[in-house]
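Asker: Next comes the structure file input30.txt, holding compact mmCIF, C-alpha atoms.
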```
# COMPACT_ATOMS: atom_id res chain seq x y z
CA MET F 1 -17.47 18.98 23.03
CA SER F 2 -18.53 20.49 19.70
CA ARG F 3 -16.21 20.62 16.72
CA SER F 4 -16.17 24.42 16.77
CA THR F 5 -15.28 24.43 20.49
CA ALA F 6 -12.56 21.81 20.04
CA LEU F 7 -10.98 23.80 17.25
CA ALA F 8 -11.28 27.21 18.88
CA PRO F 9 -7.97 29.09 19.20
CA ALA F 10 -6.35 29.56 22.57
CA GLY F 11 -7.48 32.69 24.36
CA GLY F 12 -11.04 32.49 23.06
CA ARG F 13 -10.35 34.23 19.71
CA ARG F 14 -12.84 33.18 17.06
CA PHE F 15 -11.60 31.78 13.77
CA THR F 16 -11.99 34.02 10.74
CA GLN F 17 -13.95 32.71 7.77
CA ALA F 18 -10.68 32.13 5.91
CA GLU F 19 -9.27 30.11 8.81
CA ARG F 20 -12.42 27.99 9.05
CA SER F 21 -12.35 27.38 5.31
CA ALA F 22 -8.67 26.38 5.40
CA ARG F 23 -9.29 23.95 8.28
CA SER F 24 -12.27 22.33 6.61
CA ARG F 25 -10.36 22.03 3.33
CA SER F 26 -7.40 20.38 5.06
CA ALA F 27 -9.65 17.92 6.91
CA LEU F 28 -11.50 17.01 3.71
CA LEU F 29 -8.26 16.55 1.78
CA GLU F 30 -6.84 14.26 4.44
CA SER F 31 -10.04 12.22 4.55
CA ALA F 32 -10.14 11.97 0.75
CA ALA F 33 -6.47 10.94 0.63
CA ARG F 34 -7.17 8.07 3.04
CA GLY F 35 -10.20 7.06 1.01
CA LEU F 36 -8.33 7.13 -2.29
CA SER F 37 -5.50 5.09 -0.79
CA ARG F 38 -7.87 2.44 0.54
CA TYR F 39 -10.62 2.27 -2.08
CA GLY F 40 -9.33 3.97 -5.22
CA TYR F 41 -10.91 6.72 -7.29
CA GLY F 42 -13.72 4.64 -8.77
CA ASN F 43 -14.96 3.44 -5.38
CA LEU F 44 -14.56 6.73 -3.52
CA VAL F 45 -17.89 7.96 -2.07
CA LEU F 46 -17.91 11.71 -1.44
CA GLU F 47 -20.52 11.48 1.30
CA GLU F 48 -18.22 9.14 3.24
CA VAL F 49 -15.25 11.47 2.71
CA ALA F 50 -17.23 14.35 4.18
CA ARG F 51 -18.59 12.30 7.07
CA GLU F 52 -15.17 10.95 8.06
CA ALA F 53 -13.80 14.51 8.04
CA GLY F 54 -16.66 15.68 10.28
CA TYR F 55 -18.43 17.77 7.64
CA THR F 56 -21.51 17.57 5.46
CA ARG F 57 -21.60 16.76 1.77
CA GLY F 58 -22.58 20.38 1.19
CA ALA F 59 -19.41 21.57 2.91
CA LEU F 60 -17.38 19.33 0.59
CA TYR F 61 -19.07 20.73 -2.51
CA HIS F 62 -18.46 24.23 -1.20
CA GLN F 63 -14.72 23.46 -1.47
CA PHE F 64 -14.57 21.14 -4.50
CA ASN F 65 -16.60 20.95 -7.70
CA ASP F 66 -16.74 17.17 -8.01
CA LYS F 67 -14.75 13.98 -7.43
CA GLU F 68 -12.22 14.84 -10.14
CA ASP F 69 -11.57 18.27 -8.66
CA LEU F 70 -11.16 16.70 -5.21
CA ALA F 71 -8.75 14.03 -6.46
CA LEU F 72 -6.59 16.61 -8.25
CA ALA F 73 -6.51 18.72 -5.10
CA VAL F 74 -5.50 15.67 -3.05
CA ILE F 75 -2.64 14.90 -5.44
CA ASP F 76 -1.35 18.47 -5.16
CA TRP F 77 -1.73 18.40 -1.36
CA VAL F 78 0.13 15.10 -0.97
CA ASN F 79 2.86 16.29 -3.33
CA GLU F 80 3.27 19.51 -1.33
CA ASN F 81 3.58 17.50 1.88
CA TRP F 82 6.11 15.19 0.23
CA MET F 83 8.21 18.12 -0.95
CA ARG F 84 8.19 19.70 2.50
CA GLU F 85 8.99 16.47 4.38
CA VAL F 86 11.19 14.62 1.87
CA GLY F 87 12.13 16.55 -1.25
CA LEU F 88 13.39 19.77 0.28
CA PRO F 89 15.27 18.21 3.24
CA ALA F 90 17.08 15.86 0.83
CA LYS F 91 18.39 18.88 -1.07
CA GLN F 92 20.39 19.83 2.02
CA GLU F 93 22.60 16.75 1.61
CA PRO F 94 26.20 17.48 0.60
CA ASP F 95 26.48 15.39 -2.58
CA PRO F 96 24.35 13.61 -5.22
CA VAL F 97 24.60 10.13 -3.67
CA ALA F 98 23.65 11.37 -0.22
CA GLU F 99 20.68 13.25 -1.70
CA LEU F 100 19.49 10.17 -3.60
CA ILE F 101 19.72 7.96 -0.52
CA ALA F 102 18.00 10.62 1.57
CA LEU F 103 15.16 10.67 -0.95
CA ALA F 104 14.79 6.89 -0.65
CA ARG F 105 14.87 6.88 3.15
CA GLY F 106 12.58 9.87 3.44
CA HIS F 107 10.09 8.43 0.98
CA ALA F 108 9.94 5.15 2.90
CA VAL F 109 9.20 7.01 6.13
CA PHE F 110 6.64 9.26 4.42
CA CYS F 111 4.80 6.25 2.97
CA ARG F 112 4.13 4.80 6.42
CA ARG F 113 1.11 7.11 6.49
CA ASP F 114 -2.14 6.23 4.72
CA ILE F 115 -2.25 9.53 2.91
CA ALA F 116 1.14 8.97 1.29
CA ARG F 117 0.08 5.88 -0.63
CA VAL F 118 -2.59 7.72 -2.60
CA ILE F 119 -0.21 8.53 -5.47
CA MET F 120 0.80 4.88 -5.88
CA ALA F 121 -2.80 3.70 -5.71
CA LEU F 122 -4.02 6.20 -8.29
CA ARG F 123 -1.09 5.57 -10.63
CA VAL F 124 -2.10 1.91 -10.88
CA GLU F 125 -5.77 2.75 -11.34
CA PHE F 126 -5.19 5.32 -14.09
CA SER F 127 -2.38 3.54 -15.93
CA GLY F 128 -2.90 3.88 -19.68
CA GLN F 129 -5.95 6.13 -19.32
CA ASP F 130 -6.26 9.61 -20.81
CA HIS F 131 -7.77 11.31 -17.77
CA PRO F 132 -6.94 14.58 -15.96
CA VAL F 133 -5.97 12.64 -12.82
CA GLY F 134 -3.70 10.34 -14.81
CA ARG F 135 -2.09 13.28 -16.61
CA GLU F 136 -1.36 15.05 -13.32
CA LEU F 137 0.22 11.89 -11.94
CA GLU F 138 2.38 11.60 -15.05
CA ARG F 139 3.50 15.22 -14.65
CA ILE F 140 4.56 14.64 -11.04
CA SER F 141 6.25 11.37 -11.93
CA GLU F 142 8.21 13.00 -14.75
CA THR F 143 9.39 15.72 -12.38
CA GLY F 144 10.76 13.01 -10.09
CA VAL F 145 12.44 11.14 -12.94
CA LYS F 146 14.18 14.32 -14.11
CA ARG F 147 15.41 15.13 -10.59
CA VAL F 148 16.85 11.66 -10.05
CA ALA F 149 18.43 11.61 -13.53
CA ARG F 150 20.12 14.98 -12.88
CA LEU F 151 21.55 13.66 -9.61
CA ILE F 152 22.80 10.51 -11.33
CA ASP F 153 24.54 12.59 -13.99
CA ALA F 154 26.09 14.76 -11.27
CA GLY F 155 27.26 11.69 -9.36
CA ARG F 156 28.85 10.23 -12.46
CA ARG F 157 30.67 13.47 -13.13
CA ASP F 158 32.16 13.55 -9.62
CA GLY F 159 32.91 9.82 -9.64
CA SER F 160 30.59 8.84 -6.78
CA ILE F 161 28.25 6.88 -9.08
CA PRO F 162 29.77 4.41 -11.55
CA PRO F 163 29.02 4.65 -15.28
CA GLY F 164 26.23 2.53 -16.67
CA PRO F 165 22.97 2.72 -18.62
CA PRO F 166 21.52 6.12 -19.55
CA ALA F 167 20.70 8.25 -16.53
CA ARG F 168 17.00 8.37 -17.38
CA ALA F 169 16.79 4.57 -17.52
CA VAL F 170 18.55 4.31 -14.16
CA ALA F 171 16.23 6.99 -12.74
CA LEU F 172 13.18 4.99 -13.81
CA ALA F 173 14.66 1.86 -12.23
CA PHE F 174 15.54 3.83 -9.06
CA LEU F 175 11.95 4.99 -8.62
CA GLY F 176 10.54 1.58 -9.51
CA ALA F 177 12.77 -0.17 -6.98
CA LEU F 178 11.90 2.40 -4.33
CA GLU F 179 8.17 2.14 -4.89
CA GLY F 180 8.31 -1.67 -4.98
CA ALA F 181 10.25 -1.84 -1.73
CA VAL F 182 7.89 0.54 0.02
CA ILE F 183 4.82 -1.43 -1.10
CA ALA F 184 6.31 -4.81 -0.19
CA LEU F 185 7.53 -3.63 3.22
CA ALA F 186 4.43 -1.71 4.29
CA GLY F 187 4.07 -1.89 8.05
CA GLN F 188 7.61 -3.15 8.63
CA ALA F 189 9.34 -0.10 10.08
CA PRO F 190 12.25 0.50 10.49
CA HIS F 191 13.27 -2.17 7.96
CA ASP F 192 11.38 -0.39 5.18
CA GLU F 193 13.70 2.62 5.39
CA LEU F 194 16.92 0.58 5.48
CA LEU F 195 15.92 -1.81 2.69
CA ALA F 196 14.58 0.97 0.47
CA ALA F 197 18.00 2.62 0.71
CA ARG F 198 19.71 -0.67 -0.11
CA ALA F 199 17.43 -1.27 -3.09
CA VAL F 200 18.19 2.07 -4.71
CA ALA F 201 21.90 1.79 -3.90
CA GLY F 202 21.95 -1.41 -5.93
CA VAL F 203 20.24 0.29 -8.86
CA LEU F 204 22.85 3.06 -8.72
CA GLY F 205 25.66 0.50 -8.80
CA LEU F 206 26.83 1.20 -5.24
CA ASP F 207 28.01 -1.55 -2.90
CA SER F 208 25.92 -0.22 -0.03
CA PRO F 209 24.10 2.99 0.87
CA PRO F 210 26.07 5.54 2.87
CA ALA F 211 25.04 6.14 6.44
CA PRO F 212 22.55 8.98 6.95
CA SER F 213 24.07 12.41 7.55
CA PRO F 214 24.19 13.32 11.26
CA THR F 215 21.37 15.65 12.30
```
What do you get writing this file as structure tokens?
Answerer:
Amino acid sequence: MSRSTALAPAGGRRFTQAERSARSRSALLESAARGLSRYGYGNLVLEEVAREAGYTRGALYHQFNDKEDLALAVIDWVNENWMREVGLPAKQEPDPVAELIALARGHAVFCRRDIARVIMALRVEFSGQDHPVGRELERISETGVKRVARLIDAGRRDGSIPPGPPARAVALAFLGALEGAVIALAGQAPHDELLAARAVAGVLGLDSPPAPSPT
């Protein structure tokens, strides 16, 4: 079966050019995310990214200018997926502690997928470098630090989080503990989710994480 036949819409309707472009872009981004997670930016080969996605190198360059452009697009794509699957659902929790624990649990589940580990892999590779990819990673990281720090401040105001070091310092430790737990427990579901929640609960000064909200 050809790729075009396999991806044809139900009812025989042909894809529009915009739909075909969106599908090829998504496939290339997912392939690049897996490649960046496994091999890093320096070792990423664009021809292999295109081949794994089922497209030609020319199709990749039709969508992205170069490796840097592709990597930046992957970072944005992964971050959008994270917000949809983890960040936004956590905001529905009823209080700051529940939201923080939901972020930890959701992040652990999200990082079971190859594509999710691309941010962690690139952060290590670009640490200390003045590079557009590194700067974009720093921007995303700072957004996360600010969100966690705001929730810590809110929890301290309502008494659910005990006083302690500055909220920003605790936020940095929260994210460091979460990332460390996820890396160390890769492939160990469902323990990764539970232990990630316990790790961040300890950073927050809580005895144990609250149980997840009923769905």
Asker: Report, in Å with one decimal, the straight-line distance from atom CA of Ala50 of chain F to atom CA of Ser31 of chain F.
Answerer: 7.5 Å
Asker: With a distance cut-off of 12 Å and all atoms listed in the file, select the neighbouring residues of Ala98 of chain F, excluding the residue or stretch itself and same-chain residues fewer than 6 positions from it, and output the selection as a ChimeraX atom specification.
Answerer: /F:89-92,104-106,148,151-152,154-155,160-161,197,200-201,204,206,208-214
Asker: Rank nothing, just name the residue among F:Pro94, F:Gly42, F:Gly205, F:Gly58 nearest to Pro162 of chain F, using all atoms listed in the file.
Answerer: F:Gly205
Asker: Against segment 173-193 of chain F, which residues of segment 46-138 of chain F fall within 12 Å? For each one I want the closest pair of atoms and the distance in Å (one decimal), counting all atoms listed in the file, rows by chain and increasing residue number, as JSON lines.
Answerer:
```
{"residue": "F:Leu100", "atom": "CA", "partner": "F:Phe174", "partner_atom": "CA", "distance": 9.3}
{"residue": "F:Ile101", "atom": "CA", "partner": "F:Glu193", "partner_atom": "CA", "distance": 10.0}
{"residue": "F:Ala102", "atom": "CA", "partner": "F:Glu193", "partner_atom": "CA", "distance": 9.9}
{"residue": "F:Leu103", "atom": "CA", "partner": "F:Leu178", "partner_atom": "CA", "distance": 9.5}
{"residue": "F:Ala104", "atom": "CA", "partner": "F:Leu178", "partner_atom": "CA", "distance": 6.5}
{"residue": "F:Arg105", "atom": "CA", "partner": "F:Glu193", "partner_atom": "CA", "distance": 5.0}
{"residue": "F:Gly106", "atom": "CA", "partner": "F:Glu193", "partner_atom": "CA", "distance": 7.6}
{"residue": "F:His107", "atom": "CA", "partner": "F:Glu193", "partner_atom": "CA", "distance": 8.1}
{"residue": "F:Ala108", "atom": "CA", "partner": "F:Glu193", "partner_atom": "CA", "distance": 5.2}
{"residue": "F:Val109", "atom": "CA", "partner": "F:Glu193", "partner_atom": "CA", "distance": 6.3}
{"residue": "F:Phe110", "atom": "CA", "partner": "F:Glu193", "partner_atom": "CA", "distance": 9.7}
{"residue": "F:Cys111", "atom": "CA", "partner": "F:Val182", "partner_atom": "CA", "distance": 7.1}
{"residue": "F:Arg112", "atom": "CA", "partner": "F:Ala186", "partner_atom": "CA", "distance": 6.9}
{"residue": "F:Arg113", "atom": "CA", "partner": "F:Gly187", "partner_atom": "CA", "distance": 9.6}
{"residue": "F:Asp114", "atom": "CA", "partner": "F:Ala186", "partner_atom": "CA", "distance": 10.3}
{"residue": "F:Ala116", "atom": "CA", "partner": "F:Val182", "partner_atom": "CA", "distance": 10.9}
{"residue": "F:Arg117", "atom": "CA", "partner": "F:Ile183", "partner_atom": "CA", "distance": 8.7}
{"residue": "F:Val118", "atom": "CA", "partner": "F:Ile183", "partner_atom": "CA", "distance": 11.9}
{"residue": "F:Ile119", "atom": "CA", "partner": "F:Glu179", "partner_atom": "CA", "distance": 10.6}
{"residue": "F:Met120", "atom": "CA", "partner": "F:Glu179", "partner_atom": "CA", "distance": 7.9}
{"residue": "F:Ala121", "atom": "CA", "partner": "F:Ile183", "partner_atom": "CA", "distance": 10.3}
{"residue": "F:Arg123", "atom": "CA", "partner": "F:Glu179", "partner_atom": "CA", "distance": 11.4}
{"residue": "F:Val124", "atom": "CA", "partner": "F:Glu179", "partner_atom": "CA", "distance": 11.9}
```
Asker: Between atom CA of Arg34 of chain F and atom CA of Glu19 of chain F, what is the distance in Å, rounded to a tenth?
Answerer: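 These atoms are spaced 22.9 Å apart.
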Asker: Write out as a ChimeraX atom specification the residues lying within 12 Å of Val45 of chain F, counting all atoms listed in the file and excluding same-chain residues fewer than 6 positions away.
Answerer: /F:31-32,34-36,38-39,51-52,57,60,66-67,70-71
Asker: Please produce a file of the residues just selected, as a PDB file, keeping the file's coordinate frame, where the atoms kept are C-alpha atoms.
Answerer:
```pdb
ATOM      1  CA  SER F  31     -10.040  12.220   4.550  1.00  0.00           C
ATOM      2  CA  ALA F  32     -10.140  11.970   0.750  1.00  0.00           C
ATOM      3  CA  ARG F  34      -7.170   8.070   3.040  1.00  0.00           C
ATOM      4  CA  GLY F  35     -10.200   7.060   1.010  1.00  0.00           C
ATOM      5  CA  LEU F  36      -8.330   7.130  -2.290  1.00  0.00           C
ATOM      6  CA  ARG F  38      -7.870   2.440   0.540  1.00  0.00           C
ATOM      7  CA  TYR F  39     -10.620   2.270  -2.080  1.00  0.00           C
ATOM      8  CA  ARG F  51     -18.590  12.300   7.070  1.00  0.00           C
ATOM      9  CA  GLU F  52     -15.170  10.950   8.060  1.00  0.00           C
ATOM     10  CA  ARG F  57     -21.600  16.760   1.770  1.00  0.00           C
ATOM     11  CA  LEU F  60     -17.380  19.330   0.590  1.00  0.00           C
ATOM     12  CA  ASP F  66     -16.740  17.170  -8.010  1.00  0.00           C
ATOM     13  CA  LYS F  67     -14.750  13.980  -7.430  1.00  0.00           C
ATOM     14  CA  LEU F  70     -11.160  16.700  -5.210  1.00  0.00           C
ATOM     15  CA  ALA F  71      -8.750  14.030  -6.460  1.00  0.00           C
TER      16      ALA F  71
END
```
Asker: Can you work out which one of F:Ile115, F:Val203, F:Leu29, F:Ala73 has the shortest atom-to-atom distance to Leu172 of chain F, counting all atoms listed in the file?
Answerer: F:Val203
Asker: Go ahead and compute the interatomic distance for atom CA of Asp207 of chain F and atom CA of Ala149 of chain F, in Å to one decimal.
Answerer: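 Atom CA of Asp207 of chain F sits 19.4 Å away from atom CA of Ala149 of chain F.
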Asker: With all atoms of segment 72-77 of chain F from the file as input, state the centre and edge lengths in Å to one decimal of the axis-aligned box that has 8 Å extra on each side, as JSON.
Answerer:
```
{"center_x": -4.0, "center_y": 16.8, "center_z": -4.8, "size_x": 21.2, "size_y": 19.8, "size_z": 22.9}
```
Asker: Please determine, counting only C-alpha atoms, which residue among F:Ala59, F:Arg198, F:Arg168, F:Gly144 has the shortest atom-to-atom distance to Arg20 of chain F.
Answerer: F:Ala59
Asker: Give me the residues near segment 125-137 of chain F as a list of chain:residue names, where near means some atom within 8 Å (using only C-alpha atoms) and where sequence neighbours in that chain fewer than 5 positions away do not count.
Answerer: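 Final neighbour list, sorted by chain and number: F:Gly40, F:Tyr41, F:Glu68, F:Ala71, F:Leu72, F:Ile75, F:Ile119.
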Asker: Of the candidates F:Ala199, F:Leu122, F:Tyr61, F:Val97, which one gets nearest to Arg150 of chain F if we count only C-alpha atoms?
Answerer: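 Closest to Arg150 of chain F, using only C-alpha atoms: F:Val97.
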